[in-house]
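As stored in upload_21.cif (mmCIF, C-alpha atoms and all ligand atoms):
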data_run
loop_
_atom_site.label_atom_id
_atom_site.label_comp_id
_atom_site.auth_asym_id
_atom_site.auth_seq_id
_atom_site.Cartn_x
_atom_site.Cartn_y
_atom_site.Cartn_z
CA MET A 12 14.85 3.02 -9.59
CA ARG A 13 11.53 3.21 -11.35
CA VAL A 14 9.05 1.07 -9.49
CA PHE A 15 5.63 -0.26 -10.44
CA PHE A 16 3.74 -0.83 -7.17
CA ILE A 17 0.77 -3.12 -6.81
CA GLY A 18 -1.11 -2.64 -3.54
CA PHE A 19 -2.92 -5.91 -2.85
CA GLY A 20 -5.71 -5.92 -0.25
CA GLN A 21 -6.44 -3.24 2.32
CA ALA A 22 -2.98 -2.75 3.87
CA GLY A 23 -1.26 -2.93 0.47
CA GLY A 24 -3.64 -0.42 -1.11
CA LYS A 25 -3.17 2.10 1.69
CA ILE A 26 0.61 1.82 1.65
CA VAL A 27 0.94 2.11 -2.12
CA ASP A 28 -1.39 5.12 -1.97
CA MET A 29 1.15 6.71 0.41
CA PHE A 30 4.09 5.87 -1.89
CA ILE A 31 2.29 7.64 -4.73
CA GLU A 32 1.45 10.61 -2.49
CA GLN A 33 5.13 10.90 -1.54
CA ASP A 34 6.21 10.61 -5.16
CA LYS A 35 3.87 13.37 -6.30
CA LYS A 36 5.82 15.81 -4.08
CA MET A 37 9.15 14.96 -5.73
CA PRO A 38 10.74 16.98 -8.56
CA THR A 39 10.71 13.89 -10.79
CA GLN A 40 8.32 10.94 -10.55
CA SER A 41 9.77 7.44 -10.07
CA PHE A 42 6.75 5.51 -8.86
CA ARG A 43 3.47 4.40 -10.35
CA GLY A 44 0.94 2.11 -8.82
CA ILE A 45 -2.38 0.34 -8.90
CA ALA A 46 -4.54 -1.15 -6.14
CA VAL A 47 -6.23 -4.56 -6.31
CA ASN A 48 -8.83 -5.70 -3.81
CA THR A 49 -11.91 -7.88 -3.30
CA ALA A 50 -13.50 -5.23 -1.03
CA ARG A 51 -15.11 -2.24 -2.73
CA THR A 52 -15.04 0.01 0.36
CA ASP A 53 -11.25 -0.43 0.77
CA LEU A 54 -10.74 0.77 -2.80
CA MET A 55 -12.98 3.77 -2.20
CA GLY A 56 -10.80 4.90 0.71
CA ILE A 57 -7.76 5.37 -1.53
CA LYS A 58 -6.89 8.97 -2.46
CA ASN A 59 -3.84 9.18 -4.71
CA ILE A 60 -4.23 6.20 -7.03
CA GLU A 61 -6.54 7.14 -9.87
CA LEU A 62 -9.97 5.53 -9.93
CA LYS A 63 -9.20 3.69 -13.16
CA ASP A 64 -6.16 2.09 -11.47
CA ARG A 65 -8.21 0.56 -8.65
CA LEU A 66 -9.29 -2.92 -9.56
CA LEU A 67 -12.07 -4.88 -7.87
CA ILE A 68 -11.69 -8.64 -8.28
CA GLY A 69 -13.74 -11.64 -7.16
CA GLN A 70 -17.09 -9.86 -7.58
CA THR A 71 -18.95 -13.02 -8.60
CA VAL A 72 -17.60 -14.89 -5.55
CA VAL A 73 -17.62 -12.33 -2.70
CA LYS A 74 -19.75 -9.53 -4.19
CA GLY A 75 -17.32 -6.75 -3.34
CA HIS A 76 -17.24 -7.57 0.39
CA GLY A 77 -13.70 -8.97 0.75
CA VAL A 78 -12.69 -12.59 1.34
CA GLY A 79 -12.93 -12.37 5.14
CA THR A 80 -9.37 -13.46 6.06
CA ASP A 81 -9.60 -16.56 3.83
CA ASN A 82 -6.39 -16.50 1.83
CA VAL A 83 -7.21 -19.65 -0.12
CA THR A 84 -10.14 -17.75 -1.65
CA GLY A 85 -7.82 -14.75 -2.09
CA ALA A 86 -5.43 -16.92 -4.10
CA ARG A 87 -8.25 -18.48 -6.12
CA VAL A 88 -9.94 -15.28 -7.21
CA THR A 89 -6.53 -13.84 -8.13
CA ALA A 90 -5.74 -16.84 -10.31
CA ASP A 91 -9.22 -16.67 -11.91
CA GLU A 92 -8.87 -12.97 -12.72
CA ILE A 93 -5.17 -12.76 -13.43
CA ASP A 94 -5.80 -11.54 -16.99
CA SER A 95 -7.67 -8.45 -15.86
CA ILE A 96 -4.94 -7.68 -13.29
CA ILE A 97 -2.21 -7.98 -15.94
CA ASN A 98 -4.29 -5.83 -18.32
CA ALA A 99 -4.59 -3.13 -15.65
CA ILE A 100 -0.81 -3.22 -15.13
CA ASP A 101 -0.11 -3.15 -18.87
CA SER A 102 -2.43 -0.26 -19.52
CA ARG A 103 -0.63 1.78 -16.85
CA GLY A 104 2.65 1.22 -18.76
CA THR A 105 5.60 -1.01 -17.91
CA HIS A 106 8.18 -0.30 -20.64
CA ASP A 107 10.36 2.02 -18.53
CA ILE A 108 10.19 0.38 -15.12
CA ASP A 109 13.07 -1.31 -13.26
CA ALA A 110 11.06 -3.52 -10.90
CA PHE A 111 7.63 -4.53 -9.66
CA VAL A 112 6.87 -4.31 -5.95
CA ILE A 113 3.72 -5.96 -4.57
CA VAL A 114 2.69 -4.68 -1.14
CA SER A 115 0.30 -6.57 1.16
CA GLY A 116 -0.62 -7.64 4.67
CA LEU A 117 0.31 -11.32 4.85
CA GLY A 118 -2.11 -12.13 7.68
CA GLY A 119 -5.36 -11.26 5.87
CA GLY A 120 -7.12 -12.94 2.95
CA THR A 121 -6.96 -10.96 -0.28
CA GLY A 122 -3.37 -9.68 -0.24
CA SER A 123 -2.05 -12.73 1.58
CA GLY A 124 -3.49 -15.15 -0.98
CA GLY A 125 -3.18 -12.94 -4.03
CA THR A 126 0.43 -11.77 -3.71
CA PRO A 127 2.20 -15.09 -4.40
CA VAL A 128 -0.15 -15.79 -7.33
CA LEU A 129 0.48 -12.38 -8.88
CA ALA A 130 4.26 -12.67 -8.30
CA ARG A 131 4.32 -15.95 -10.22
CA HIS A 132 2.46 -14.48 -13.20
CA LEU A 133 4.46 -11.24 -13.30
CA LYS A 134 7.68 -13.23 -13.32
CA ARG A 135 6.45 -15.34 -16.20
CA ILE A 136 5.42 -12.34 -18.29
CA TYR A 137 8.03 -9.64 -17.58
CA ARG A 138 11.80 -9.60 -17.46
CA GLU A 139 11.95 -7.08 -14.61
CA PRO A 140 12.40 -8.44 -11.07
CA VAL A 141 9.35 -8.89 -8.88
CA TYR A 142 9.69 -7.99 -5.21
CA ALA A 143 7.19 -8.03 -2.37
CA ILE A 144 6.82 -5.97 0.79
CA GLY A 145 4.96 -8.23 3.22
CA ILE A 146 3.47 -7.00 6.50
CA LEU A 147 3.61 -9.57 9.29
CA PRO A 148 0.66 -9.65 11.70
CA ALA A 149 1.17 -9.13 15.44
CA PRO A 150 0.60 -12.37 17.42
CA GLU A 151 -2.23 -10.61 19.32
CA GLU A 152 -4.24 -10.46 16.10
CA GLY A 153 -4.92 -14.17 16.53
CA ARG A 154 -3.63 -17.48 15.26
CA LEU A 155 -5.54 -17.34 11.98
CA TYR A 156 -3.50 -14.27 10.96
CA SER A 157 -0.24 -15.98 11.88
CA TYR A 158 -1.30 -19.13 10.04
CA ASN A 159 -2.21 -17.13 6.93
CA ALA A 160 1.07 -15.21 7.07
CA ALA A 161 3.16 -18.37 7.42
CA ARG A 162 1.40 -20.02 4.48
CA SER A 163 1.59 -16.95 2.29
CA LEU A 164 5.24 -16.27 3.11
CA SER A 165 6.32 -19.88 2.57
CA THR A 166 4.77 -19.68 -0.91
CA LEU A 167 5.95 -16.17 -1.67
CA VAL A 168 9.66 -16.81 -1.03
CA ASN A 169 9.56 -19.27 -3.92
CA GLU A 170 7.70 -16.92 -6.27
CA ALA A 171 9.08 -13.39 -5.71
CA ASP A 172 12.68 -12.44 -6.45
CA ASN A 173 12.97 -11.15 -2.89
CA THR A 174 10.56 -10.39 -0.05
CA PHE A 175 11.04 -7.41 2.27
CA LEU A 176 9.32 -7.92 5.59
CA PHE A 177 7.86 -5.41 8.01
CA ASP A 178 6.79 -6.72 11.40
CA ASN A 179 3.76 -4.91 12.83
CA SER A 180 4.42 -6.29 16.32
CA ALA A 181 7.99 -4.97 16.43
CA TRP A 182 6.84 -1.48 15.49
CA LYS A 183 3.72 -0.90 17.51
CA ASN A 184 4.18 0.68 20.93
CA GLU A 185 3.60 -1.09 24.23
CA GLY A 186 -0.11 -0.92 25.06
CA GLU A 187 -1.07 0.44 21.63
CA SER A 188 -3.42 -1.62 19.44
CA VAL A 189 -2.18 -2.61 15.98
CA LYS A 190 -5.08 -0.74 14.36
CA ASP A 191 -4.28 2.50 16.20
CA ALA A 192 -0.69 2.20 15.01
CA TYR A 193 -1.46 1.71 11.27
CA ASN A 194 -0.88 5.31 10.15
CA ARG A 195 2.38 5.62 12.03
CA LEU A 196 3.60 2.21 10.85
CA ASN A 197 2.72 2.99 7.24
CA ASP A 198 4.64 6.22 7.51
CA GLU A 199 7.70 4.27 8.74
CA ILE A 200 7.37 1.83 5.84
CA VAL A 201 7.05 4.51 3.19
CA ARG A 202 9.94 6.66 4.42
CA ARG A 203 12.40 3.72 4.46
CA PHE A 204 11.43 2.12 1.20
CA GLY A 205 10.94 5.54 -0.39
CA VAL A 206 14.62 6.37 0.14
CA LEU A 207 15.73 2.90 -0.96
CA PHE A 208 13.67 2.67 -4.13
CA ARG A 209 14.37 6.21 -5.22
CA ALA A 210 18.12 5.50 -5.41
CA GLY A 211 19.59 5.96 -8.87
CA GLU A 212 16.99 8.55 -9.86
CA VAL A 213 18.54 11.94 -10.50
CA GLY A 214 16.51 14.53 -8.63
CA ALA A 215 16.92 18.22 -7.95
CA GLY A 216 20.03 17.57 -5.83
CA GLY A 217 22.31 16.66 -8.79
CA VAL A 218 24.56 13.61 -9.24
CA GLY A 219 26.13 11.78 -6.28
CA GLU A 220 29.77 11.18 -5.36
CA MET A 221 29.21 7.44 -5.69
CA VAL A 222 26.04 6.88 -7.66
CA VAL A 223 23.93 3.86 -6.79
CA ASP A 224 22.32 2.47 -9.86
CA SER A 225 19.12 0.42 -9.82
CA SER A 226 21.23 -2.57 -10.98
CA GLU A 227 23.06 -2.43 -7.63
CA ILE A 228 19.80 -2.78 -5.74
CA ILE A 229 18.77 -5.61 -8.04
CA ASN A 230 22.12 -7.40 -7.58
CA THR A 231 21.91 -7.03 -3.81
CA LEU A 232 18.50 -8.70 -3.88
CA ARG A 233 19.51 -11.45 -6.30
CA GLY A 234 19.92 -14.10 -3.59
CA GLY A 235 16.14 -14.20 -3.00
CA GLY A 236 14.58 -15.14 0.34
CA ILE A 237 13.71 -12.47 2.89
CA SER A 238 15.24 -9.07 3.57
CA SER A 239 15.09 -6.38 6.20
CA VAL A 240 15.84 -2.66 6.11
CA GLY A 241 17.47 -0.36 8.65
CA TYR A 242 17.17 3.42 8.60
CA ALA A 243 18.48 6.45 10.46
CA ILE A 244 18.16 10.16 9.92
CA SER A 245 20.52 12.89 11.12
CA GLU A 246 19.47 15.93 13.04
CA ARG A 247 19.01 19.14 11.06
CA ILE A 248 22.21 20.26 9.41
CA ASN A 249 21.54 24.00 9.33
CA PRO A 250 19.33 24.65 12.33
CA ARG A 251 19.55 28.42 11.93
CA THR A 252 18.39 28.59 8.32
CA LYS A 253 14.74 28.45 7.36
CA GLN A 254 13.67 24.81 7.29
CA LYS A 255 13.85 23.19 3.89
CA GLN A 256 11.15 20.56 3.76
CA GLY A 257 12.60 18.65 0.82
CA PHE A 258 12.55 14.91 0.28
CA LEU A 259 13.92 13.88 3.68
CA GLY A 260 12.52 16.79 5.67
CA SER A 261 9.02 15.64 4.83
CA PHE A 262 9.92 12.28 6.42
CA MET A 263 11.02 13.88 9.65
CA LYS A 264 8.27 13.61 12.21
CA LYS A 265 7.53 16.86 14.00
CA LYS A 266 8.74 15.69 17.39
CA GLU A 267 11.53 13.48 16.09
CA LYS A 268 14.99 14.24 17.36
CA ALA A 269 18.05 12.35 16.19
CA GLU A 270 19.99 11.29 19.25
CA ASP A 271 23.60 10.66 18.80
CA VAL A 272 24.88 12.27 15.63
CA LEU A 273 26.38 15.68 16.23
CA LEU A 274 26.71 17.19 12.82
CA THR A 275 28.54 20.41 13.58
CA GLY A 276 32.32 20.34 13.74
CA GLU A 277 32.55 16.62 13.13
CA ASP A 278 34.47 14.99 10.39
CA LYS A 279 32.12 14.32 7.46
CA SER A 280 33.01 10.67 7.10
CA ALA A 281 32.66 10.06 10.86
CA LYS A 282 29.13 11.45 10.67
CA ILE A 283 28.27 9.11 7.85
CA ILE A 284 29.71 6.06 9.58
CA ALA A 285 27.83 6.89 12.79
CA LEU A 286 24.59 7.23 10.85
CA VAL A 287 25.05 3.92 9.02
CA ARG A 288 25.85 2.11 12.28
CA ARG A 289 22.71 3.56 13.82
CA ALA A 290 20.67 2.40 10.81
CA MET A 291 21.93 -1.18 11.03
CA LEU A 292 21.99 -1.55 14.81
CA GLY A 293 18.64 0.19 15.37
CA ARG A 294 15.18 -1.23 14.80
CA LEU A 295 14.97 -3.09 11.49
CA THR A 296 11.75 -3.54 9.50
CA LEU A 297 12.06 -7.23 10.42
CA PRO A 298 14.06 -7.72 13.62
CA CYS A 299 16.66 -10.35 12.74
CA ASP A 300 20.22 -11.44 13.18
CA TYR A 301 21.95 -9.03 10.80
CA SER A 302 25.10 -11.13 10.90
CA SER A 303 23.22 -13.78 8.91
CA ALA A 304 22.62 -11.50 5.89
CA GLU A 305 24.14 -12.69 2.63
CA ARG A 306 24.43 -9.25 0.97
CA ALA A 307 23.92 -5.64 1.88
CA LEU A 308 23.43 -2.22 0.36
CA VAL A 309 24.40 1.01 2.13
CA LEU A 310 22.68 4.13 0.91
CA LEU A 311 23.13 7.76 1.94
CA ALA A 312 20.77 10.51 0.87
CA GLY A 313 21.37 14.13 1.77
CA PRO A 314 22.72 17.51 0.68
CA PRO A 315 25.69 17.14 -1.73
CA GLN A 316 28.11 19.08 0.51
CA GLU A 317 27.59 16.51 3.28
CA MET A 318 28.25 13.46 1.10
CA ASP A 319 31.67 11.89 1.47
CA ARG A 320 33.24 9.07 -0.53
CA LYS A 321 35.55 8.00 2.29
CA GLY A 322 32.63 7.86 4.73
CA VAL A 323 30.62 5.64 2.38
CA GLU A 324 33.61 3.35 1.77
CA LYS A 325 34.33 2.99 5.49
CA SER A 326 30.65 2.33 6.25
CA LYS A 327 30.60 -0.38 3.59
CA SER A 328 33.67 -2.03 5.16
CA TRP A 329 32.07 -1.88 8.59
CA VAL A 330 28.86 -3.51 7.27
CA GLU A 331 30.92 -6.14 5.45
CA GLU A 332 32.73 -7.06 8.68
CA ASN A 333 29.37 -7.57 10.35
CA ILE A 334 27.37 -9.66 7.88
CA ALA A 335 27.81 -13.27 6.72
CA GLY A 336 28.55 -12.51 3.06
CA VAL A 337 31.13 -10.31 1.40
CA GLU A 338 28.97 -8.48 -1.15
CA VAL A 339 28.29 -4.99 0.15
CA ARG A 340 27.30 -2.33 -2.34
CA GLY A 341 26.73 1.30 -1.60
CA GLY A 342 26.72 4.92 -2.56
CA ASP A 343 24.93 8.17 -2.14
CA TYR A 344 22.43 10.35 -3.82
CA PRO A 345 22.13 14.03 -3.28
CA VAL A 346 18.80 15.51 -2.35
CA SER A 347 17.90 19.04 -1.51
CA SER A 348 17.35 18.69 2.23
CA ASP A 349 18.49 19.74 5.68
CA TYR A 350 18.92 16.12 6.72
CA ILE A 351 21.02 13.08 5.85
CA ALA A 352 19.31 9.68 5.78
CA ALA A 353 21.06 6.31 5.85
CA VAL A 354 19.43 3.11 4.66
CA VAL A 355 21.00 -0.31 5.14
CA LEU A 356 19.38 -3.11 3.16
CA LEU A 357 20.18 -6.52 4.66
CA ALA A 358 19.39 -9.02 1.95
CA THR A 359 18.75 -12.76 2.07
CA ILE A 360 18.66 -13.23 5.83
CA GLU A 361 19.14 -16.73 7.15
CA ASN A 362 18.24 -16.21 10.79
CA ALA A 363 15.13 -14.39 11.94
CA PRO A 364 13.68 -15.80 15.20
CA ARG A 365 10.40 -13.99 14.48
CA ILE A 366 9.91 -16.11 11.34
CA THR A 367 10.82 -19.33 13.17
CA ASP A 368 8.18 -18.45 15.81
CA LEU A 369 5.61 -17.63 13.13
CA LEU A 370 6.15 -21.00 11.43
CA GLU A 371 5.86 -22.78 14.81
CA ILE A 372 2.53 -21.04 15.56
CA ALA A 373 1.30 -21.99 12.09
CA LYS A 374 2.25 -25.67 12.53
CA ALA A 375 0.52 -25.85 15.92
CA THR A 376 -2.56 -24.12 14.48
CA LYS A 377 -2.75 -26.58 11.60
CA GLU A 378 -2.59 -29.55 14.00
CA ASP A 379 -5.32 -28.03 16.19
CA VAL A 380 -7.54 -27.44 13.15
CA ILE A 381 -7.15 -31.08 12.05
CA ARG A 382 -7.88 -32.33 15.58
CA ALA A 383 -11.00 -30.16 15.86
CA LYS A 384 -12.21 -31.37 12.46
CA ASP A 385 -11.78 -35.05 13.45
CA LYS A 386 -13.71 -34.42 16.67
CA ARG A 387 -16.55 -32.75 14.78
CA SER A 388 -16.90 -35.51 12.26
CA SER A 389 -16.88 -38.25 14.90
CA MET A 390 -19.69 -36.58 16.91
CA PHE A 391 -22.26 -37.40 14.18
CA ASP A 392 -20.64 -40.65 13.27
CA GLU A 393 -22.74 -42.80 15.58
CA GLY A 394 -24.58 -45.01 13.12
CA ILE A 395 -27.55 -42.73 12.32
CA GLU A 396 -28.28 -42.85 8.59
CA PRO A 397 -28.32 -39.43 6.84
CA LEU A 398 -31.52 -38.54 4.99
CA PHE A 399 -29.69 -38.61 1.69
CA GLU A 400 -26.08 -39.01 0.49
N1 LIG A 501 1.12 -1.88 8.84
C1 LIG A 501 -0.17 -2.02 8.49
N2 LIG A 501 -0.77 -3.21 8.61
C2 LIG A 501 -2.07 -3.30 8.24
C3 LIG A 501 -2.81 -2.22 7.75
N3 LIG A 501 -4.08 -2.64 7.47
C4 LIG A 501 -4.10 -3.94 7.77
N4 LIG A 501 -2.89 -4.36 8.25
C5 LIG A 501 -2.50 -5.72 8.66
O1 LIG A 501 -2.69 -6.58 7.54
C6 LIG A 501 -3.29 -7.81 7.94
C7 LIG A 501 -4.63 -7.93 7.30
O2 LIG A 501 -4.51 -7.63 5.96
P1 LIG A 501 -5.55 -6.71 5.15
O3 LIG A 501 -4.76 -5.98 4.13
O4 LIG A 501 -6.40 -5.91 6.09
O5 LIG A 501 -6.45 -7.83 4.51
P2 LIG A 501 -6.91 -8.00 3.00
O6 LIG A 501 -5.76 -8.39 2.18
O7 LIG A 501 -7.65 -6.76 2.58
O8 LIG A 501 -7.85 -9.27 3.07
P3 LIG A 501 -9.39 -9.43 3.53
O9 LIG A 501 -9.76 -8.19 4.32
O10 LIG A 501 -9.38 -10.66 4.36
O11 LIG A 501 -10.16 -9.57 2.27
C8 LIG A 501 -3.36 -7.75 9.45
O12 LIG A 501 -2.21 -8.36 10.00
C9 LIG A 501 -3.38 -6.26 9.75
O13 LIG A 501 -2.86 -5.94 11.01
C10 LIG A 501 -2.15 -0.96 7.61
O14 LIG A 501 -2.70 0.05 7.18
N5 LIG A 501 -0.83 -0.94 8.00
#

This entry written out as structure tokens:
Amino acid sequence: MRVFFIGFGQAGGKIVDMFIEQDKKMPTQSFRGIAVNTARTDLMGIKNIELKDRLLIGQTVVKGHGVGTDNVTGARVTADEIDSIINAIDSRGTHDIDAFVIVSGLGGGTGSGGTPVLARHLKRIYREPVYAIGILPAPEEGRLYSYNAARSLSTLVNEADNTFLFDNSAWKNEGESVKDAYNRLNDEIVRRFGVLFRAGEVGAGGVGEMVVDSSEIINTLRGGGISSVGYAISERINPRTKQKQGFLGSFMKKKEKAEDVLLTGEDKSAKIIALVRRAMLGRLTLPCDYSSAERALVLLAGPPQEMDRKGVEKSKSWVEENIAGVEVRGGDYPVSSDYIAAVVLLATIENAPRITDLLEIAKATKEDVIRAKDKRSSMFDEGIEPLFE
């Protein structure tokens, strides 16, 4: 799939920068991207997106300093400067892309406010689907972040064709601060979505047994709403040969060790099924009740000799038995690597307790804000005439 990424705000810009960095190492390029922000320093920190593709908006309002976690201002400056954003996208080229993906932290100001506005305009102008990857704030970041995220997400689900969620709090380690975890979390995001979005692109590995076309990803996401992604990687297939970095090898963390998939001597399809189960039952980008997913996509990436049609078919049946809907698509794509990766996309999820909690926090925050405002206004409401009206 050929993807046009827009990194909105600080988190979005950093993550898209990593997608582009990953793509540059591939035999063929599938991704392009721009970064949009109200903060000049955030744009300066980006390394792989060309300078001309980094767009500073809202200069007359916030003077390049960011909107300070105010997503209403983020939405307003985006709407005011939508023409320059669309021009930047157009000048980067859109004729050969399959989808737009906007990436942002939903708890902040710029990306949180700007993403739904941009999604609306992109959908009006282009025929290609518009997806979002939204980062949910950890509750410890404070109620303002949760409130922003709830507002942004409630708007975004009606504007984007589908919204993938990544929950910072589910992925940071016990005792670790969210900030300290950013690099690791971004790496987790890019490796999962990198495998998913690259499906259908013919790389150095050749053509798959059961090719997944970009239209299969698009059809899986057609139901809209929110989606979550599961991922698992096998242990090294040829431990005695010199390590091939390759597409998946570069995603393997140095210390990482796959636990329960023994690749030697096992039946090929059993290996694939075990990997897919691990992907779906392990930690998802948004922890949720997978049995409430409407559709799913099962994707295997690995060396061609390890791919197996029967294994993919059986994995699809297993996923189908475990989700609410009956539409499960799937396939494989060969990559030159010493690892096999499985991605399970759970699309249009109906039940995610984390989102219910987020919306509850947001409602309580809104009520507290109104109460505090009433109290403030009544304090000076004691019959003293103001100097002027
Ligand atoms: N996973 C991840 N989350 C991040 C990162 N940077 C920021 N966040 C989260 O994103 C939210 C804040 O969004 P930012 O992108 O920093 O904010 P912004 O869109 O630039 O908006 P303003 O700074 O308010 O103008 C918070 O919940 C952060 O925890 C990152 O690199 N990775």

Using only C-alpha atoms and all ligand atoms, the best pick from A:Tyr193, A:Phe16, A:Tyr350, A:Tyr137 as closest to ligand LIG 501 (chain A) would be A:Tyr193

Would you list the residues that come within 8 Å of ligand LIG 501 (chain A)? Count only C-alpha atoms and all ligand atoms and give the answer as a VMD selection string.
chain A and resid 19 to 26 48 to 50 53 76 to 82 85 115 to 124 146 to 149 152 156 177 to 179 189 to 190 192 to 194 196 to 197 200

inquiry  = Need the shell around region 109-112 of chain A: protein/DNA/RNA residues with any atom at most 12 Å away, counting only C-alpha atoms. Skip same-chain ones fewer than 6 positions apart. Format as a ChimeraX atom specification?
reply    = /A:12-19,23,26-27,30,41-46,100,126-127,129-134,136-145,171-175,204,208-212,224-229,232

If you count all atoms listed in the file, the residue of A:Leu398, A:Ala285, A:Val355, A:Val128 closest to Val88 (chain A) turns out to be A:Val128

Where's the centre, and what are the edge lengths in Å to one decimal, of a box along x, y and z enclosing all listed atoms of region 350-355 of chain A padded 4 Å per side, as AutoDock Vina command-line options?
--center_x 20.0 --center_y 7.9 --center_z 5.7 --size_x 10.1 --size_y 24.4 --size_z 10.1

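CA of Asp107 (chain A) is found 24.6 Å from CA of Lys58 (chain A).
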
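Distance-wise, CA of Arg87 (chain A) and CA of Met55 (chain A) end up 23.1 Å apart.
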
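One distance worth recording is that between CA of Asp28 (chain A) and CA of Leu54 (chain A), which is 10.3 Å.
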
(request) Pick out the residues sitting within 7 Å of Gly313 (chain A), and hand them over as an MDAnalysis selection string; count only C-alpha atoms, and ignore anything fewer than 6 positions along from it in its own chain. (result) chainID A and resid 344:348 350:352

| message | Taking 5 positions as the minimum chain separation for residues in the same chain, which residues sit within 12 Å of region 291-298 of chain A when counting all atoms listed in the file? Answer as an MDAnalysis selection string. | response | chainID A and resid 144:148 174:183 196:197 199:204 237:244 270 284:286 303:304 307:310 326:327 329:331 333:334 353:358 360 362:366

Show which residues sit within 10 Å of Asp319 (chain A), as a compact mmCIF listing (two decimals) with C-alpha atoms, keeping the file's coordinate frame. Count all atoms listed in the file, and ignore same-chain residues fewer than 6 positions away.
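Done, and the output landed in out_4.txt:
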# COMPACT_ATOMS: atom_id res chain seq x y z
CA GLY A 219 26.13 11.78 -6.28
CA GLU A 220 29.77 11.18 -5.36
CA MET A 221 29.21 7.44 -5.69
CA ASP A 278 34.47 14.99 10.39
CA LYS A 279 32.12 14.32 7.46
CA SER A 280 33.01 10.67 7.10
CA ALA A 281 32.66 10.06 10.86
CA LYS A 282 29.13 11.45 10.67
CA ILE A 283 28.27 9.11 7.85
CA LEU A 311 23.13 7.76 1.94
CA GLY A 342 26.72 4.92 -2.56
CA ASP A 343 24.93 8.17 -2.14

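Proximity ranking of A:Leu369, A:Leu62, A:Val223, A:Val83 relative to Ala312 (chain A) places A:Val223 first, based on all atoms listed in the file.
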
Write only N, CA and C atoms for region 39-53 of chain A from the block just shown, as a PDB file, in the first residue's frame.
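Dumped everything to result.pdb:
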ATOM      1  N   THR A  39      12.209  -0.914  -2.119  1.00  0.00           N
ATOM      2  CA  THR A  39      11.339   0.019  -2.860  1.00  0.00           C
ATOM      3  C   THR A  39      10.624   0.911  -1.845  1.00  0.00           C
ATOM      4  N   GLN A  40      10.368   2.161  -2.238  1.00  0.00           N
ATOM      5  CA  GLN A  40       9.753   3.096  -1.293  1.00  0.00           C
ATOM      6  C   GLN A  40       8.225   3.096  -1.440  1.00  0.00           C
ATOM      7  N   SER A  41       7.530   2.964  -0.303  1.00  0.00           N
ATOM      8  CA  SER A  41       6.067   2.958  -0.308  1.00  0.00           C
ATOM      9  C   SER A  41       5.478   4.150   0.428  1.00  0.00           C
ATOM     10  N   PHE A  42       6.303   4.824   1.210  1.00  0.00           N
ATOM     11  CA  PHE A  42       5.779   5.890   2.070  1.00  0.00           C
ATOM     12  C   PHE A  42       6.313   7.253   1.647  1.00  0.00           C
ATOM     13  N   ARG A  43       5.482   8.265   1.812  1.00  0.00           N
ATOM     14  CA  ARG A  43       5.983   9.640   1.769  1.00  0.00           C
ATOM     15  C   ARG A  43       5.281  10.390   2.892  1.00  0.00           C
ATOM     16  N   GLY A  44       5.832  11.516   3.272  1.00  0.00           N
ATOM     17  CA  GLY A  44       5.217  12.166   4.417  1.00  0.00           C
ATOM     18  C   GLY A  44       5.620  13.611   4.587  1.00  0.00           C
ATOM     19  N   ILE A  45       4.728  14.355   5.245  1.00  0.00           N
ATOM     20  CA  ILE A  45       5.032  15.732   5.616  1.00  0.00           C
ATOM     21  C   ILE A  45       4.748  15.899   7.123  1.00  0.00           C
ATOM     22  N   ALA A  46       5.257  16.956   7.704  1.00  0.00           N
ATOM     23  CA  ALA A  46       4.978  17.239   9.115  1.00  0.00           C
ATOM     24  C   ALA A  46       4.338  18.621   9.216  1.00  0.00           C
ATOM     25  N   VAL A  47       3.304  18.733  10.045  1.00  0.00           N
ATOM     26  CA  VAL A  47       2.627  20.010  10.249  1.00  0.00           C
ATOM     27  C   VAL A  47       2.634  20.299  11.746  1.00  0.00           C
ATOM     28  N   ASN A  48       2.991  21.533  12.101  1.00  0.00           N
ATOM     29  CA  ASN A  48       3.039  21.860  13.523  1.00  0.00           C
ATOM     30  C   ASN A  48       2.882  23.366  13.733  1.00  0.00           C
ATOM     31  N   THR A  49       2.517  23.737  14.975  1.00  0.00           N
ATOM     32  CA  THR A  49       2.471  25.164  15.315  1.00  0.00           C
ATOM     33  C   THR A  49       3.746  25.567  16.078  1.00  0.00           C
ATOM     34  N   ALA A  50       4.581  24.561  16.399  1.00  0.00           N
ATOM     35  CA  ALA A  50       5.810  24.828  17.160  1.00  0.00           C
ATOM     36  C   ALA A  50       7.029  24.646  16.265  1.00  0.00           C
ATOM     37  N   ARG A  51       7.794  25.722  16.115  1.00  0.00           N
ATOM     38  CA  ARG A  51       8.959  25.699  15.218  1.00  0.00           C
ATOM     39  C   ARG A  51      10.006  24.690  15.696  1.00  0.00           C
ATOM     40  N   THR A  52      10.269  24.666  17.007  1.00  0.00           N
ATOM     41  CA  THR A  52      11.346  23.788  17.511  1.00  0.00           C
ATOM     42  C   THR A  52      11.037  22.315  17.252  1.00  0.00           C
ATOM     43  N   ASP A  53       9.750  21.928  17.338  1.00  0.00           N
ATOM     44  CA  ASP A  53       9.394  20.519  17.067  1.00  0.00           C
ATOM     45  C   ASP A  53       9.747  20.157  15.630  1.00  0.00           C
TER      46      ASP A  53
END
